[in-house]
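Enquirer: To start, I am sharing the structure in question, which I have written as structure tokens.
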Amino acid sequence: MNLPVSFSSDYQQAMGRLLVLYTQIDRLIMEICAQRLPEAPNEEAQLALAKQVGDESRHVSIQRAWMRDFGADPTPLITPEQEQLIREHFQSLPWMDFLVDLYLCVEALGSEAVERIVPLVDLGTRESLRIPLTDELDHVDFGLRQIKKELARMSAMERQVFINQLPVRIESLTKAFHGFGIPERQMFEAVGADYDRLCFLLEQRQKELIADLIDASQCFSKTTSSVSTAMA
Ligand SMILES: [Fe+2]
Ligand SMILES: [Fe+2]
């Protein structure tokens, strides 16, 4: 067992709360992916969702064991009503919006936030995040591939409209999460993070992700126009 050495009580408390939050989110993702699995539009997606359900379950087990050793207060930060709202939100989404909300917002930007605080945290917490963060790369990769697959099926105009509204979509989900009243700034600052810098880095990451989708879209448009030229 890897018990923590002594930390300031502010750090201990805030890190414990962040671990509880991360675990709650992983558990919700596990449920959301399990709910979506039978409706996934292709076998590749079904297999990836099934794998992800297993991954997130493993993350929850790892984090729960570490939270016990760390002495984290296990009181949830997201209330049961908020959890239900989150489940219902994801259940109601068409596949493409599901991919954006789950993989761009929650998986890619969420794991970016966790990656950014890893260098600041104690060794035991860092070790507890090692396997989860490695798996998250795989989840983000799957989500982005599926988004590109869907973009390839759209007309150039539809792709443009879809990409243009991505920042607004991401912002509205982020706002809804902030509306839950979780004291994120306070928790991140108590573990030594510069919260404003973290927000800036997350905005940069969001721009990179969207730029990658724009690049892919431009390739699809070129392919479509060369196919149309060849057929003309
Ligand atoms: Fe996870
Ligand atoms: Fe994940």
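Residue numbers start at 1 in each chain; chains themselves are named A, B, ... in the order of the structure tokens; ligands are numbered from 1 in the order shown.
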Could you list, as a list in words, all residues that come within 8 Å of ligand 1? Count only C-alpha atoms and all ligand atoms.
Expert: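 The neighbouring residues of ligand 1 are, in order, Thr23, Ile25, Asp26, Arg27, Ile29, Asp55, Glu56, Ser57, His59, Val60, Glu107, Pro132, Leu133, Asp135 and Glu136 of chain A.
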Enquirer: Just the selected residues (N, CA and C atoms), exported as a PDB file, in the first residue's frame, please.
Expert:
ATOM      1  N   THR A  23     -13.532  10.314 -10.252  1.00  0.00           N
ATOM      2  CA  THR A  23     -14.114   8.975 -10.179  1.00  0.00           C
ATOM      3  C   THR A  23     -15.606   9.008 -10.516  1.00  0.00           C
ATOM      4  N   ILE A  25     -17.035  11.097 -12.503  1.00  0.00           N
ATOM      5  CA  ILE A  25     -17.146  11.304 -13.960  1.00  0.00           C
ATOM      6  C   ILE A  25     -16.841   9.994 -14.698  1.00  0.00           C
ATOM      7  N   ASP A  26     -15.800   9.276 -14.265  1.00  0.00           N
ATOM      8  CA  ASP A  26     -15.481   7.997 -14.906  1.00  0.00           C
ATOM      9  C   ASP A  26     -16.651   7.018 -14.800  1.00  0.00           C
ATOM     10  N   ARG A  27     -17.281   6.991 -13.641  1.00  0.00           N
ATOM     11  CA  ARG A  27     -18.418   6.073 -13.441  1.00  0.00           C
ATOM     12  C   ARG A  27     -19.588   6.454 -14.342  1.00  0.00           C
ATOM     13  N   ILE A  29     -19.325   8.042 -17.193  1.00  0.00           N
ATOM     14  CA  ILE A  29     -18.944   7.706 -18.579  1.00  0.00           C
ATOM     15  C   ILE A  29     -19.174   6.210 -18.815  1.00  0.00           C
ATOM     16  N   ASP A  55     -12.753  -0.298 -19.405  1.00  0.00           N
ATOM     17  CA  ASP A  55     -11.683   0.624 -18.978  1.00  0.00           C
ATOM     18  C   ASP A  55     -12.162   1.527 -17.846  1.00  0.00           C
ATOM     19  N   GLU A  56     -13.345   2.128 -18.045  1.00  0.00           N
ATOM     20  CA  GLU A  56     -13.821   3.093 -17.039  1.00  0.00           C
ATOM     21  C   GLU A  56     -14.113   2.379 -15.716  1.00  0.00           C
ATOM     22  N   SER A  57     -14.597   1.132 -15.807  1.00  0.00           N
ATOM     23  CA  SER A  57     -14.854   0.364 -14.588  1.00  0.00           C
ATOM     24  C   SER A  57     -13.533   0.140 -13.839  1.00  0.00           C
ATOM     25  N   HIS A  59     -10.913   2.084 -14.055  1.00  0.00           N
ATOM     26  CA  HIS A  59     -10.484   3.370 -13.495  1.00  0.00           C
ATOM     27  C   HIS A  59     -11.179   3.644 -12.163  1.00  0.00           C
ATOM     28  N   VAL A  60     -12.485   3.326 -12.125  1.00  0.00           N
ATOM     29  CA  VAL A  60     -13.250   3.560 -10.888  1.00  0.00           C
ATOM     30  C   VAL A  60     -12.655   2.713  -9.754  1.00  0.00           C
ATOM     31  N   GLU A 107     -13.879  13.685 -22.571  1.00  0.00           N
ATOM     32  CA  GLU A 107     -12.654  12.874 -22.598  1.00  0.00           C
ATOM     33  C   GLU A 107     -11.424  13.721 -22.953  1.00  0.00           C
ATOM     34  N   PRO A 132      -5.443   5.118 -15.922  1.00  0.00           N
ATOM     35  CA  PRO A 132      -6.575   5.863 -16.497  1.00  0.00           C
ATOM     36  C   PRO A 132      -6.166   6.822 -17.609  1.00  0.00           C
ATOM     37  N   LEU A 133      -5.103   7.596 -17.401  1.00  0.00           N
ATOM     38  CA  LEU A 133      -4.739   8.587 -18.420  1.00  0.00           C
ATOM     39  C   LEU A 133      -4.247   7.925 -19.708  1.00  0.00           C
ATOM     40  N   ASP A 135      -5.395   5.036 -20.852  1.00  0.00           N
ATOM     41  CA  ASP A 135      -6.619   4.577 -21.535  1.00  0.00           C
ATOM     42  C   ASP A 135      -7.372   5.747 -22.174  1.00  0.00           C
ATOM     43  N   GLU A 136      -7.346   6.920 -21.505  1.00  0.00           N
ATOM     44  CA  GLU A 136      -8.110   8.061 -22.050  1.00  0.00           C
ATOM     45  C   GLU A 136      -7.604   8.431 -23.451  1.00  0.00           C
TER      46      GLU A 136
END
Enquirer: Just list the residues in region 176-210 of chain A DSSP gives helix (DSSP H, G or I) on the backbone, as a list of chain:residue names.
Expert: A:Ala176, A:Phe177, A:His178, A:Glu184, A:Arg185, A:Gln186, A:Met187, A:Phe188, A:Glu189, A:Ala190, A:Tyr195, A:Asp196, A:Arg197, A:Leu198, A:Cys199, A:Phe200, A:Leu201, A:Leu202, A:Glu203, A:Gln204, A:Arg205, A:Gln206, A:Lys207, A:Glu208, A:Leu209, A:Ile210
Enquirer: The selected residues should be written to file as a PDB file, in the first residue's frame (atoms: N, CA and C atoms).
Expert:
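Below you can see out-v9.pdb, which holds the result:
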ATOM      1  N   ALA A 176     -22.846  24.554 -18.513  1.00  0.00           N
ATOM      2  CA  ALA A 176     -23.784  23.708 -17.757  1.00  0.00           C
ATOM      3  C   ALA A 176     -23.040  23.034 -16.609  1.00  0.00           C
ATOM      4  N   PHE A 177     -21.804  22.593 -16.863  1.00  0.00           N
ATOM      5  CA  PHE A 177     -21.024  21.940 -15.809  1.00  0.00           C
ATOM      6  C   PHE A 177     -20.667  22.943 -14.711  1.00  0.00           C
ATOM      7  N   HIS A 178     -20.261  24.152 -15.117  1.00  0.00           N
ATOM      8  CA  HIS A 178     -19.953  25.180 -14.108  1.00  0.00           C
ATOM      9  C   HIS A 178     -21.191  25.485 -13.264  1.00  0.00           C
ATOM     10  N   GLU A 184     -14.411  24.420  -8.654  1.00  0.00           N
ATOM     11  CA  GLU A 184     -13.232  23.950  -9.389  1.00  0.00           C
ATOM     12  C   GLU A 184     -12.000  24.817  -9.151  1.00  0.00           C
ATOM     13  N   ARG A 185     -12.191  26.146  -9.267  1.00  0.00           N
ATOM     14  CA  ARG A 185     -11.038  27.040  -9.096  1.00  0.00           C
ATOM     15  C   ARG A 185     -10.361  26.786  -7.752  1.00  0.00           C
ATOM     16  N   GLN A 186     -11.181  26.739  -6.718  1.00  0.00           N
ATOM     17  CA  GLN A 186     -10.653  26.567  -5.360  1.00  0.00           C
ATOM     18  C   GLN A 186      -9.893  25.232  -5.232  1.00  0.00           C
ATOM     19  N   MET A 187     -10.464  24.162  -5.806  1.00  0.00           N
ATOM     20  CA  MET A 187      -9.815  22.846  -5.690  1.00  0.00           C
ATOM     21  C   MET A 187      -8.492  22.824  -6.460  1.00  0.00           C
ATOM     22  N   PHE A 188      -8.522  23.347  -7.700  1.00  0.00           N
ATOM     23  CA  PHE A 188      -7.296  23.319  -8.504  1.00  0.00           C
ATOM     24  C   PHE A 188      -6.207  24.202  -7.875  1.00  0.00           C
ATOM     25  N   GLU A 189      -6.609  25.362  -7.349  1.00  0.00           N
ATOM     26  CA  GLU A 189      -5.603  26.253  -6.756  1.00  0.00           C
ATOM     27  C   GLU A 189      -5.023  25.643  -5.484  1.00  0.00           C
ATOM     28  N   ALA A 190      -5.856  24.913  -4.724  1.00  0.00           N
ATOM     29  CA  ALA A 190      -5.359  24.311  -3.471  1.00  0.00           C
ATOM     30  C   ALA A 190      -4.359  23.182  -3.730  1.00  0.00           C
ATOM     31  N   TYR A 195      -5.165  28.373 -11.985  1.00  0.00           N
ATOM     32  CA  TYR A 195      -6.453  28.052 -12.624  1.00  0.00           C
ATOM     33  C   TYR A 195      -6.649  28.819 -13.935  1.00  0.00           C
ATOM     34  N   ASP A 196      -6.260  30.104 -13.941  1.00  0.00           N
ATOM     35  CA  ASP A 196      -6.444  30.891 -15.177  1.00  0.00           C
ATOM     36  C   ASP A 196      -5.582  30.335 -16.310  1.00  0.00           C
ATOM     37  N   ARG A 197      -4.359  29.940 -15.958  1.00  0.00           N
ATOM     38  CA  ARG A 197      -3.461  29.349 -16.959  1.00  0.00           C
ATOM     39  C   ARG A 197      -4.053  28.021 -17.466  1.00  0.00           C
ATOM     40  N   LEU A 198      -4.601  27.249 -16.541  1.00  0.00           N
ATOM     41  CA  LEU A 198      -5.221  25.972 -16.917  1.00  0.00           C
ATOM     42  C   LEU A 198      -6.362  26.210 -17.919  1.00  0.00           C
ATOM     43  N   CYS A 199      -7.200  27.223 -17.640  1.00  0.00           N
ATOM     44  CA  CYS A 199      -8.314  27.530 -18.560  1.00  0.00           C
ATOM     45  C   CYS A 199      -7.764  27.928 -19.926  1.00  0.00           C
ATOM     46  N   PHE A 200      -6.680  28.710 -19.924  1.00  0.00           N
ATOM     47  CA  PHE A 200      -6.057  29.136 -21.183  1.00  0.00           C
ATOM     48  C   PHE A 200      -5.556  27.902 -21.962  1.00  0.00           C
ATOM     49  N   LEU A 201      -4.894  26.976 -21.252  1.00  0.00           N
ATOM     50  CA  LEU A 201      -4.362  25.780 -21.915  1.00  0.00           C
ATOM     51  C   LEU A 201      -5.490  24.905 -22.467  1.00  0.00           C
ATOM     52  N   LEU A 202      -6.609  24.871 -21.748  1.00  0.00           N
ATOM     53  CA  LEU A 202      -7.750  24.088 -22.242  1.00  0.00           C
ATOM     54  C   LEU A 202      -8.337  24.720 -23.496  1.00  0.00           C
ATOM     55  N   GLU A 203      -8.346  26.064 -23.533  1.00  0.00           N
ATOM     56  CA  GLU A 203      -8.819  26.744 -24.756  1.00  0.00           C
ATOM     57  C   GLU A 203      -7.911  26.432 -25.936  1.00  0.00           C
ATOM     58  N   GLN A 204      -6.586  26.392 -25.657  1.00  0.00           N
ATOM     59  CA  GLN A 204      -5.622  26.063 -26.723  1.00  0.00           C
ATOM     60  C   GLN A 204      -5.870  24.652 -27.243  1.00  0.00           C
ATOM     61  N   ARG A 205      -6.088  23.734 -26.317  1.00  0.00           N
ATOM     62  CA  ARG A 205      -6.331  22.331 -26.691  1.00  0.00           C
ATOM     63  C   ARG A 205      -7.609  22.219 -27.534  1.00  0.00           C
ATOM     64  N   GLN A 206      -8.620  22.985 -27.123  1.00  0.00           N
ATOM     65  CA  GLN A 206      -9.875  22.974 -27.880  1.00  0.00           C
ATOM     66  C   GLN A 206      -9.639  23.456 -29.312  1.00  0.00           C
ATOM     67  N   LYS A 207      -8.831  24.525 -29.445  1.00  0.00           N
ATOM     68  CA  LYS A 207      -8.532  25.056 -30.784  1.00  0.00           C
ATOM     69  C   LYS A 207      -7.786  24.014 -31.618  1.00  0.00           C
ATOM     70  N   GLU A 208      -6.833  23.303 -30.979  1.00  0.00           N
ATOM     71  CA  GLU A 208      -6.070  22.261 -31.698  1.00  0.00           C
ATOM     72  C   GLU A 208      -6.998  21.158 -32.195  1.00  0.00           C
ATOM     73  N   LEU A 209      -7.920  20.743 -31.331  1.00  0.00           N
ATOM     74  CA  LEU A 209      -8.839  19.654 -31.699  1.00  0.00           C
ATOM     75  C   LEU A 209      -9.716  20.085 -32.878  1.00  0.00           C
ATOM     76  N   ILE A 210     -10.207  21.331 -32.817  1.00  0.00           N
ATOM     77  CA  ILE A 210     -11.070  21.817 -33.905  1.00  0.00           C
ATOM     78  C   ILE A 210     -10.242  21.978 -35.189  1.00  0.00           C
TER      79      ILE A 210
END
Enquirer: List every residue of region 31-113 of chain A that has an atom at most 12 Å from any atom of region 150-154 of chain A, and for each one report the closest atom pair and its distance in Å to one decimal, counting only C-alpha atoms, with rows sorted by chain and then by increasing residue number, as a tab-separated table.
Expert:
residue	atom	partner	partner_atom	distance
A:Pro41	CA	A:Glu150	CA	10.5
A:Asn42	CA	A:Glu150	CA	11.5
A:Pro94	CA	A:Glu150	CA	11.7
A:Trp95	CA	A:Glu150	CA	9.1
A:Met96	CA	A:Glu150	CA	7.0
A:Asp97	CA	A:Glu150	CA	10.6
A:Phe98	CA	A:Glu150	CA	11.8
A:Leu99	CA	A:Glu150	CA	9.8
A:Val100	CA	A:Glu150	CA	11.1
Enquirer: Just the residues within 12 Å of Gln35 (chain A), please, counting only C-alpha atoms, with nothing from its chain fewer than 5 positions along; format it as a PyMOL selection string.
Expert: chain A and resi 28-30+40+46+49-50+53+87-88+90-93+98
Enquirer: Generate the output file for the selected residues, N, CA and C atoms, as a PDB file, in the first residue's frame.
Expert:
ATOM      1  N   LEU A  28     -19.824   7.765 -14.451  1.00  0.00           N
ATOM      2  CA  LEU A  28     -20.898   8.223 -15.340  1.00  0.00           C
ATOM      3  C   LEU A  28     -20.588   7.859 -16.790  1.00  0.00           C
ATOM      4  N   ILE A  29     -19.325   8.042 -17.193  1.00  0.00           N
ATOM      5  CA  ILE A  29     -18.944   7.706 -18.579  1.00  0.00           C
ATOM      6  C   ILE A  29     -19.174   6.210 -18.815  1.00  0.00           C
ATOM      7  N   MET A  30     -18.823   5.397 -17.823  1.00  0.00           N
ATOM      8  CA  MET A  30     -19.031   3.946 -17.943  1.00  0.00           C
ATOM      9  C   MET A  30     -20.521   3.655 -18.225  1.00  0.00           C
ATOM     10  N   ALA A  40     -25.048   1.970 -31.055  1.00  0.00           N
ATOM     11  CA  ALA A  40     -23.899   2.487 -31.813  1.00  0.00           C
ATOM     12  C   ALA A  40     -24.048   2.067 -33.279  1.00  0.00           C
ATOM     13  N   GLN A  46     -19.281  -0.260 -31.550  1.00  0.00           N
ATOM     14  CA  GLN A  46     -19.789  -1.129 -30.469  1.00  0.00           C
ATOM     15  C   GLN A  46     -18.640  -1.758 -29.693  1.00  0.00           C
ATOM     16  N   LEU A  49     -16.901   0.915 -27.584  1.00  0.00           N
ATOM     17  CA  LEU A  49     -17.697   1.302 -26.407  1.00  0.00           C
ATOM     18  C   LEU A  49     -17.634   0.205 -25.339  1.00  0.00           C
ATOM     19  N   ALA A  50     -17.697  -1.060 -25.795  1.00  0.00           N
ATOM     20  CA  ALA A  50     -17.633  -2.172 -24.836  1.00  0.00           C
ATOM     21  C   ALA A  50     -16.282  -2.149 -24.111  1.00  0.00           C
ATOM     22  N   VAL A  53     -16.273   0.664 -21.573  1.00  0.00           N
ATOM     23  CA  VAL A  53     -17.028   0.360 -20.346  1.00  0.00           C
ATOM     24  C   VAL A  53     -16.093  -0.365 -19.365  1.00  0.00           C
ATOM     25  N   ARG A  87     -26.883  11.834 -17.444  1.00  0.00           N
ATOM     26  CA  ARG A  87     -27.252  10.599 -18.171  1.00  0.00           C
ATOM     27  C   ARG A  87     -28.306  10.907 -19.226  1.00  0.00           C
ATOM     28  N   GLU A  88     -29.330  11.677 -18.820  1.00  0.00           N
ATOM     29  CA  GLU A  88     -30.428  11.979 -19.755  1.00  0.00           C
ATOM     30  C   GLU A  88     -29.929  12.808 -20.935  1.00  0.00           C
ATOM     31  N   PHE A  90     -26.947  12.753 -22.340  1.00  0.00           N
ATOM     32  CA  PHE A  90     -26.232  11.913 -23.299  1.00  0.00           C
ATOM     33  C   PHE A  90     -27.169  10.942 -24.012  1.00  0.00           C
ATOM     34  N   GLN A  91     -28.166  10.459 -23.269  1.00  0.00           N
ATOM     35  CA  GLN A  91     -29.118   9.517 -23.876  1.00  0.00           C
ATOM     36  C   GLN A  91     -29.913  10.167 -25.007  1.00  0.00           C
ATOM     37  N   SER A  92     -30.147  11.496 -24.854  1.00  0.00           N
ATOM     38  CA  SER A  92     -31.004  12.185 -25.826  1.00  0.00           C
ATOM     39  C   SER A  92     -30.254  12.572 -27.107  1.00  0.00           C
ATOM     40  N   LEU A  93     -28.940  12.431 -27.117  1.00  0.00           N
ATOM     41  CA  LEU A  93     -28.164  13.002 -28.228  1.00  0.00           C
ATOM     42  C   LEU A  93     -28.096  12.089 -29.450  1.00  0.00           C
ATOM     43  N   PHE A  98     -23.367  13.156 -29.590  1.00  0.00           N
ATOM     44  CA  PHE A  98     -22.867  12.295 -28.514  1.00  0.00           C
ATOM     45  C   PHE A  98     -21.336  12.243 -28.576  1.00  0.00           C
TER      46      PHE A  98
END
Enquirer: Kindly give the distance, in Å, that separates CA of Ala156 (chain A) and CA of Leu47 (chain A), rounded to a single decimal.
Expert: 29.4 Å
Enquirer: Kindly indicate which residue among A:Arg159, A:Lys175, A:Arg64, A:His139 lies nearest to ligand 2, using only C-alpha atoms and all ligand atoms for the distances.
Expert: A:His139
